[in-house]
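Visitor: Dropping in my_file34.cif, with mmCIF, C-alpha atoms.
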data_coords
loop_
_atom_site.label_atom_id
_atom_site.label_comp_id
_atom_site.auth_asym_id
_atom_site.auth_seq_id
_atom_site.Cartn_x
_atom_site.Cartn_y
_atom_site.Cartn_z
CA MET A 30 17.74 17.43 -15.82
CA THR A 31 14.93 15.02 -16.50
CA ILE A 32 11.68 13.69 -15.06
CA THR A 33 11.94 10.07 -13.94
CA VAL A 34 8.85 7.99 -14.67
CA GLN A 35 8.20 4.63 -12.99
CA TYR A 36 5.53 2.02 -13.68
CA PHE A 37 4.22 -0.62 -11.28
CA ALA A 38 2.33 -3.94 -11.38
CA ARG A 39 0.05 -4.57 -14.38
CA LEU A 40 0.80 -1.13 -15.79
CA ARG A 41 4.52 -1.97 -15.98
CA GLU A 42 3.65 -5.10 -17.94
CA ASP A 43 1.32 -3.17 -20.24
CA VAL A 44 3.93 -0.48 -20.91
CA GLY A 45 6.65 -3.11 -21.26
CA ARG A 46 9.29 -1.41 -19.13
CA GLU A 47 9.93 -0.26 -15.54
CA ARG A 48 10.85 3.35 -16.17
CA ASP A 49 11.35 6.21 -18.57
CA GLU A 50 13.56 9.27 -18.38
CA VAL A 51 11.86 12.26 -19.99
CA ALA A 52 13.57 15.53 -20.78
CA ALA A 53 11.60 18.37 -19.19
CA ILE A 54 9.98 20.15 -22.12
CA GLY A 55 7.52 23.00 -22.37
CA GLU A 56 4.44 21.03 -23.32
CA VAL A 57 4.76 18.74 -20.29
CA GLN A 58 3.35 20.84 -17.47
CA THR A 59 1.31 18.24 -15.58
CA VAL A 60 1.25 14.53 -14.80
CA GLY A 61 -1.47 14.11 -17.42
CA ASP A 62 0.66 15.90 -20.05
CA LEU A 63 3.50 13.51 -19.21
CA TRP A 64 1.34 10.43 -19.74
CA ARG A 65 -0.06 11.79 -23.02
CA HIS A 66 3.44 12.72 -24.21
CA LEU A 67 4.59 9.11 -23.63
CA HIS A 68 1.53 6.95 -24.22
CA GLY A 69 -1.49 8.90 -25.55
CA ASP A 70 -4.83 8.81 -23.75
CA PRO A 71 -4.56 7.77 -20.08
CA PRO A 72 -6.38 4.56 -19.05
CA VAL A 73 -9.32 4.75 -16.66
CA ARG A 74 -8.50 4.18 -12.98
CA LEU A 75 -4.89 5.26 -13.44
CA MET A 76 -3.27 6.17 -10.10
CA VAL A 77 -0.31 8.58 -10.00
CA ALA A 78 2.28 9.81 -7.53
CA VAL A 79 4.73 12.69 -7.69
CA ASN A 80 7.84 12.42 -5.50
CA GLN A 81 6.28 9.44 -3.69
CA ALA A 82 3.05 11.23 -2.70
CA HIS A 83 -0.38 10.60 -4.26
CA ALA A 84 -1.16 13.10 -7.02
CA ARG A 85 -3.62 13.68 -9.85
CA LEU A 86 -3.39 14.09 -13.59
CA ASP A 87 -3.55 17.87 -13.16
CA THR A 88 -0.68 17.94 -10.62
CA PRO A 89 2.22 20.04 -12.02
CA VAL A 90 5.55 18.33 -12.77
CA THR A 91 8.96 19.94 -12.93
CA ASP A 92 12.57 19.07 -13.64
CA GLY A 93 13.91 16.40 -11.30
CA ASP A 94 10.52 15.04 -10.24
CA GLU A 95 9.93 11.32 -9.69
CA VAL A 96 6.56 10.43 -11.21
CA ALA A 97 4.93 7.01 -10.79
CA PHE A 98 1.96 5.50 -12.63
CA PHE A 99 0.15 2.45 -11.26
CA PRO A 100 -3.18 0.60 -11.20
CA PRO A 101 -5.53 0.62 -8.19
CA VAL A 102 -3.69 -0.64 -5.11
CA THR A 103 -4.56 -4.05 -3.63
CA GLY A 104 -2.63 -4.40 -0.37
CA GLY A 105 -3.80 -5.50 3.03
CA MET B 228 4.64 5.05 15.61
CA ALA B 229 5.86 1.74 14.22
CA VAL B 230 5.47 0.77 10.59
CA ARG B 231 7.33 -2.24 9.25
CA LEU B 232 7.62 -4.20 6.01
CA PHE B 233 8.64 -7.86 6.11
CA ASP B 234 9.99 -9.85 3.16
CA GLN B 235 9.77 -13.07 5.23
CA PRO B 236 6.90 -14.56 7.29
CA PHE B 237 6.16 -12.72 10.53
CA ASP B 238 4.08 -13.60 13.58
CA PRO B 239 1.55 -10.80 14.21
CA TRP B 240 0.91 -11.92 17.79
CA ALA B 241 4.63 -11.85 18.59
CA LEU B 242 4.77 -8.25 17.29
CA VAL B 243 1.82 -7.31 19.50
CA GLN B 244 3.42 -8.92 22.55
CA GLU B 245 6.81 -7.38 21.82
CA ARG B 246 5.21 -3.93 21.54
CA GLU B 247 3.17 -4.43 24.70
CA ARG B 248 6.34 -5.01 26.71
CA ARG B 249 7.29 -1.40 25.91
CA LEU B 250 3.89 0.23 26.47
CA PRO B 251 2.32 1.72 29.64
CA LEU B 252 -0.44 -0.88 29.66
CA GLU B 253 -1.87 0.45 32.93
CA ARG B 254 -3.00 3.48 30.89
CA LEU B 255 -4.22 1.58 27.82
CA GLY B 256 -7.54 -0.07 28.53
CA ALA B 257 -8.19 -1.20 24.97
CA CYS B 258 -6.30 -2.92 22.18
CA SER B 259 -7.88 -3.57 18.81
CA VAL B 260 -6.05 -5.88 16.41
CA PHE B 261 -6.65 -6.79 12.80
CA ALA B 262 -4.51 -9.58 11.33
CA GLY B 263 -5.09 -10.42 7.66
CA ARG B 264 -3.93 -13.75 6.22
CA MET B 265 -3.55 -15.04 2.71
CA ARG B 266 -6.45 -17.27 1.64
CA ASP B 267 -6.00 -20.24 -0.70
CA PHE B 268 -9.01 -19.15 -2.79
CA ASN B 269 -10.17 -15.96 -4.49
CA GLU B 270 -13.07 -15.39 -6.88
CA ASP B 271 -13.88 -19.13 -7.08
CA GLU B 272 -10.31 -20.14 -7.95
CA ASP B 273 -7.69 -22.01 -5.92
CA VAL B 274 -4.75 -19.72 -5.26
CA ARG B 275 -1.39 -21.36 -4.57
CA ALA B 276 0.83 -18.34 -3.99
CA LEU B 277 0.87 -14.57 -4.00
CA PHE B 278 3.47 -12.00 -4.93
CA LEU B 279 3.10 -8.65 -3.21
CA GLU B 280 4.72 -5.88 -5.19
CA HIS B 281 5.32 -2.51 -3.53
CA TYR B 282 6.89 0.87 -4.25
CA PRO B 283 9.99 1.05 -2.03
CA GLY B 284 10.07 4.43 -0.34
CA MET B 285 6.52 5.51 -1.12
CA THR B 286 4.95 2.45 0.55
CA GLU B 287 6.68 3.21 3.86
CA ARG B 288 5.85 6.92 3.57
CA GLU B 289 2.19 6.19 2.86
CA LEU B 290 1.87 3.83 5.84
CA GLU B 291 3.54 6.41 8.08
CA ARG B 292 1.24 9.15 6.75
CA ILE B 293 -1.88 7.03 7.32
CA VAL B 294 -0.81 6.26 10.90
CA ALA B 295 0.16 9.89 11.58
CA GLU B 296 -3.23 11.09 10.36
CA ALA B 297 -5.00 8.55 12.60
CA GLU B 298 -2.87 9.71 15.55
CA ALA B 299 -3.89 13.30 14.79
CA ARG B 300 -7.57 12.32 14.70
CA TRP B 301 -7.43 10.09 17.81
CA PRO B 302 -4.60 11.65 19.87
CA SER B 303 -4.69 8.97 22.56
CA ILE B 304 -3.78 6.03 20.32
CA THR B 305 -0.58 4.00 19.88
CA CYS B 306 -0.20 2.00 16.66
CA GLU B 307 1.74 -0.93 15.26
CA VAL B 308 1.42 -1.64 11.54
CA ALA B 309 3.19 -4.42 9.63
CA HIS B 310 2.83 -5.65 6.06
CA ARG B 311 4.40 -8.43 3.99
CA VAL B 312 6.08 -7.86 0.64
CA GLY B 313 7.37 -10.37 -1.91
CA ALA B 314 6.43 -14.04 -2.19
CA VAL B 315 3.67 -15.21 0.20
CA GLU B 316 2.01 -18.60 0.73
CA PRO B 317 -1.51 -19.36 1.97
CA SER B 318 -2.08 -18.90 5.73
CA GLU B 319 0.85 -16.49 6.09
CA THR B 320 0.03 -13.11 7.56
CA LEU B 321 -0.21 -10.25 5.06
CA VAL B 322 -1.05 -7.37 7.34
CA LEU B 323 -1.20 -6.42 11.01
CA VAL B 324 -2.89 -3.30 12.37
CA ALA B 325 -2.85 -3.03 16.16
CA VAL B 326 -4.12 0.05 18.00
CA TRP B 327 -3.98 0.71 21.73
CA SER B 328 -5.99 3.40 23.47
CA ALA B 329 -7.39 4.28 26.87
CA HIS B 330 -10.91 3.38 25.73
CA ARG B 331 -12.43 0.96 23.22
CA VAL B 332 -13.99 3.36 20.72
CA ALA B 333 -10.78 5.09 19.65
CA ALA B 334 -8.89 1.77 19.42
CA ARG B 335 -11.60 0.08 17.38
CA ASP B 336 -12.37 3.00 15.07
CA ALA B 337 -8.72 3.88 14.44
CA CYS B 338 -7.87 0.23 13.68
CA SER B 339 -10.64 0.07 11.11
CA GLU B 340 -9.75 3.45 9.58
CA ILE B 341 -6.04 2.60 9.26
CA LEU B 342 -6.83 -0.76 7.64
CA GLU B 343 -9.28 0.70 5.11
CA ARG B 344 -6.95 3.53 4.16
CA LEU B 345 -4.03 1.10 3.86
CA LYS B 346 -6.05 -1.08 1.49
CA HIS B 347 -7.02 1.84 -0.75
CA GLU B 348 -4.03 4.18 -0.54
CA ALA B 349 -0.80 2.33 0.28
CA PRO B 350 1.02 1.17 -2.88
CA PHE B 351 0.89 -2.63 -2.79
CA TRP B 352 -0.25 -4.87 -5.63
CA LYS B 353 -1.12 -8.57 -5.42
CA ARG B 354 -0.35 -11.05 -8.20
CA GLU B 355 -1.87 -14.49 -7.68
CA ARG B 356 -0.55 -17.82 -8.94
CA LEU B 357 -3.42 -20.25 -9.54
CA ALA B 358 -3.49 -24.05 -9.34
CA ASP B 359 -2.84 -24.44 -13.07
CA GLY B 360 0.28 -22.27 -12.83
CA THR B 361 -1.20 -19.19 -14.51
CA GLU B 362 -0.82 -15.81 -12.82
CA ARG B 363 -3.19 -12.88 -12.56
CA TRP B 364 -3.18 -9.45 -10.96
CA VAL B 365 -5.81 -8.74 -8.33
CA GLU B 366 -7.67 -5.84 -9.94
CA GLU B 367 -9.28 -4.26 -6.90
CA ASN B 368 -9.79 -4.80 -3.18
CA THR B 369 -13.22 -5.79 -1.97
CA PRO B 370 -15.17 -2.88 -0.48
CA GLY B 371 -14.64 -2.64 3.27
CA ARG B 372 -17.72 -0.66 4.26
#
Would you put the structure from the file into structure tokens?

Guide:
Amino acid sequence: MTITVQYFARLREDVGRERDEVAAIGEVQTVGDLWRHLHGDPPVRLMVAVNQAHARLDTPVTDGDEVAFFPPVTGG
Amino acid sequence: MAVRLFDQPFDPWALVQERERRLPLERLGACSVFAGRMRDFNEDEDVRALFLEHYPGMTERELERIVAEAEARWPSITCEVAHRVGAVEPSETLVLVAVWSAHRVAARDACSEILERLKHEAPFWKRERLADGTERWVEENTPGR
């Protein structure tokens, strides 16, 4: 099992890909751990979702979760 | 509750009329509508086109959550929300929020609340194409209140 990571909008362009598949490992307990594991320090104004609901960097993540990272939203 | 995404142009007034044919209008004294269109300028630049990215699945869930929370706060309301995705040209409608209620205050306040929450919580992102062909992401929505 893995954690699926998706990137949207400018963040996808900055990261250079649409998604990552990350093996669930012990040091990745939260959304923030996941970002640091992949990319180092998180940018300011980073928005996150876990399983398609808004979340925070301290939200726990587990095997099978769908995590999304994106910049501030600009709809409407 | 009705929440819809359109990948082609839609007529907000036709959606309002279509919904009104199915509503008990004799009980709904007020209807408040916000229709937002694409401008051909932004931050002193001519904008020729827009691409609206979204997060399929989460975008629909977020819009439904925002409407459900408004319906919990103002139990008398009926809502219709529509939003464009994909390639958009100036003057095309980007968003419709229509709220019916027995009285004006709930309709007006709920319409405003749904729109503001949509703009700050629903996962949509605008990328603008300018007159010289360059593209840029819109970094942040203008404050609404």

Visitor: Going by the chain IDs and residue numbers used in this file, which residues fall under the PyMOL selection byres ((chain A) within 12 of (chain B))? Write them as a ChimeraX atom specification.

Guide: /A:35-42,47,74-84,95-105

Visitor: Since I can't run it myself right now, could you work out what the PyMOL selection byres ((chain A and resi 61) around 8) selects here and report it as a ChimeraX atom specification?

Guide: /A:59-60,62-65,71,85-88

Visitor: What gap, in Å, lies between atom CA of Val260 of chain B and atom CA of Ala299 of chain B?

Guide: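 Spanning atom CA of Val260 of chain B to atom CA of Ala299 of chain B is a straight-line distance of 19.4 Å.
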
Visitor: If the PyMOL selection byres ((chain B and resi 245-257) around 12) were run on this exact file, what residues would it hold? Put them as number ranges by chain.

Guide: B: 228-230, 238-244, 258-260, 303-308, 325-338

Visitor: For atom CA of Ala52 of chain A and atom CA of Thr31 of chain A, quote the distance in Å rounded to one decimal.

Guide: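 Calculated distance between atom CA of Ala52 of chain A and atom CA of Thr31 of chain A is 4.5 Å.
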
Visitor: Which of these, A:Leu67, A:Val73, A:Val57, A:Val51, has the shortest distance to Ile32 of chain A once you count all atoms listed in the file?

Guide: A:Val51

Visitor: Identify which of the residues B:Ala358, B:Leu232, B:Leu290, B:Ala295 lies closest to Leu277 of chain B, counting all atoms listed in the file when measuring atom-to-atom distances.

Guide: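 Between B:Ala358, B:Leu232, B:Leu290, B:Ala295, the residue approaching Leu277 of chain B most closely is B:Ala358.
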
Visitor: Provide the atom CA of Glu296 of chain B to atom CA of Ser339 of chain B distance in Å, to one decimal place.

Guide: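 Atom CA of Ser339 of chain B lies 13.3 Å from atom CA of Glu296 of chain B.
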